[in-house]
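Some notes on the structure that comes next.
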Amino acid sequence: MVLLSRLDTMSNAPETDFSTLAVLVIDDHPGMRASLRMTLSNFGVTKTDMSQGAFDAVHRIKQRKYDVIVCDYNLGEGRDGQQLLEELRHSKLISLATVFLMVTAERTYEKVMSAVELAPDDYLIKPFTAEALQQRLNQVLKKKAAFAPVYRLMEEALNAEAATVCDRIAALNPATPSMPGA
């Protein structure tokens, strides 16, 4: 029951303490990597690593656990962000608790939908404001924290137990209707 009362208060949790997070930024453009590092440092992130592409990112992820990965969709030559996310999940190089935020300048329907199909935790279209990035990260991190017990059970292949805990979380945090009267 302690778990359930903790989950019940999760939606009212304070803003995220970004200083505790390890973040990996993956972008093939040095200027964008530097800009994202600066923006994240303004939120309080102090542990930020940079990667220019998928190969280097995989190497870094094998060496260190990251709480958040901010990845551009278009990584230049080689794999794109979508392919990287698929590899990381398939190889279990990132846990279910790891936030994967896809950023892109792509606006074509096909590209956006193909990235969304792999279900990154969130998706931001460039250009975006620092406030939009911070708000999205806050939302995703709160959701990940609320579902942490479910992720742990799933990673231990205790799927029936995970489903039970997930149902309890959903019952404690019903979705808000998108439209009045809906």
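In the structure tokens, chains take letters A, B, ... by order of appearance, with residues numbered from 1 within each chain and ligands from 1 in the order shown.
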(Q) Give me, as a count of residues only, all polymer residues having an atom no more than 10 Å from stretch 66-81 of chain A, counting only C-alpha atoms and skipping those fewer than 3 positions away in the same chain. (A) 56
Q: Report the distance between atom CA of A:Arg152 and atom CA of A:Cys166 in Å, rounded to one decimal place.
A: 11.6 Å
Q: Write down as a PyMOL selection string the residues belonging to chain A that are assigned strand (DSSP E or B) by DSSP computed on the backbone.
A: chain A and resi 22-26+47-51+68-72+99-104+122-125
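What separates atom CA of A:Arg64 from atom CA of A:Leu88 is a distance of 13.3 Å.
From atom CA of A:Ser19 back to atom CA of A:Asn173, the distance works out to 27.2 Å.
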Q.
as a ChimeraX atom specification, please: every residue in chain A that a backbone DSSP assignment puts in alpha helix (DSSP H).
A. /A:2-8,30-43,54-63,81-90,109-117,130-146,148-155,159-172
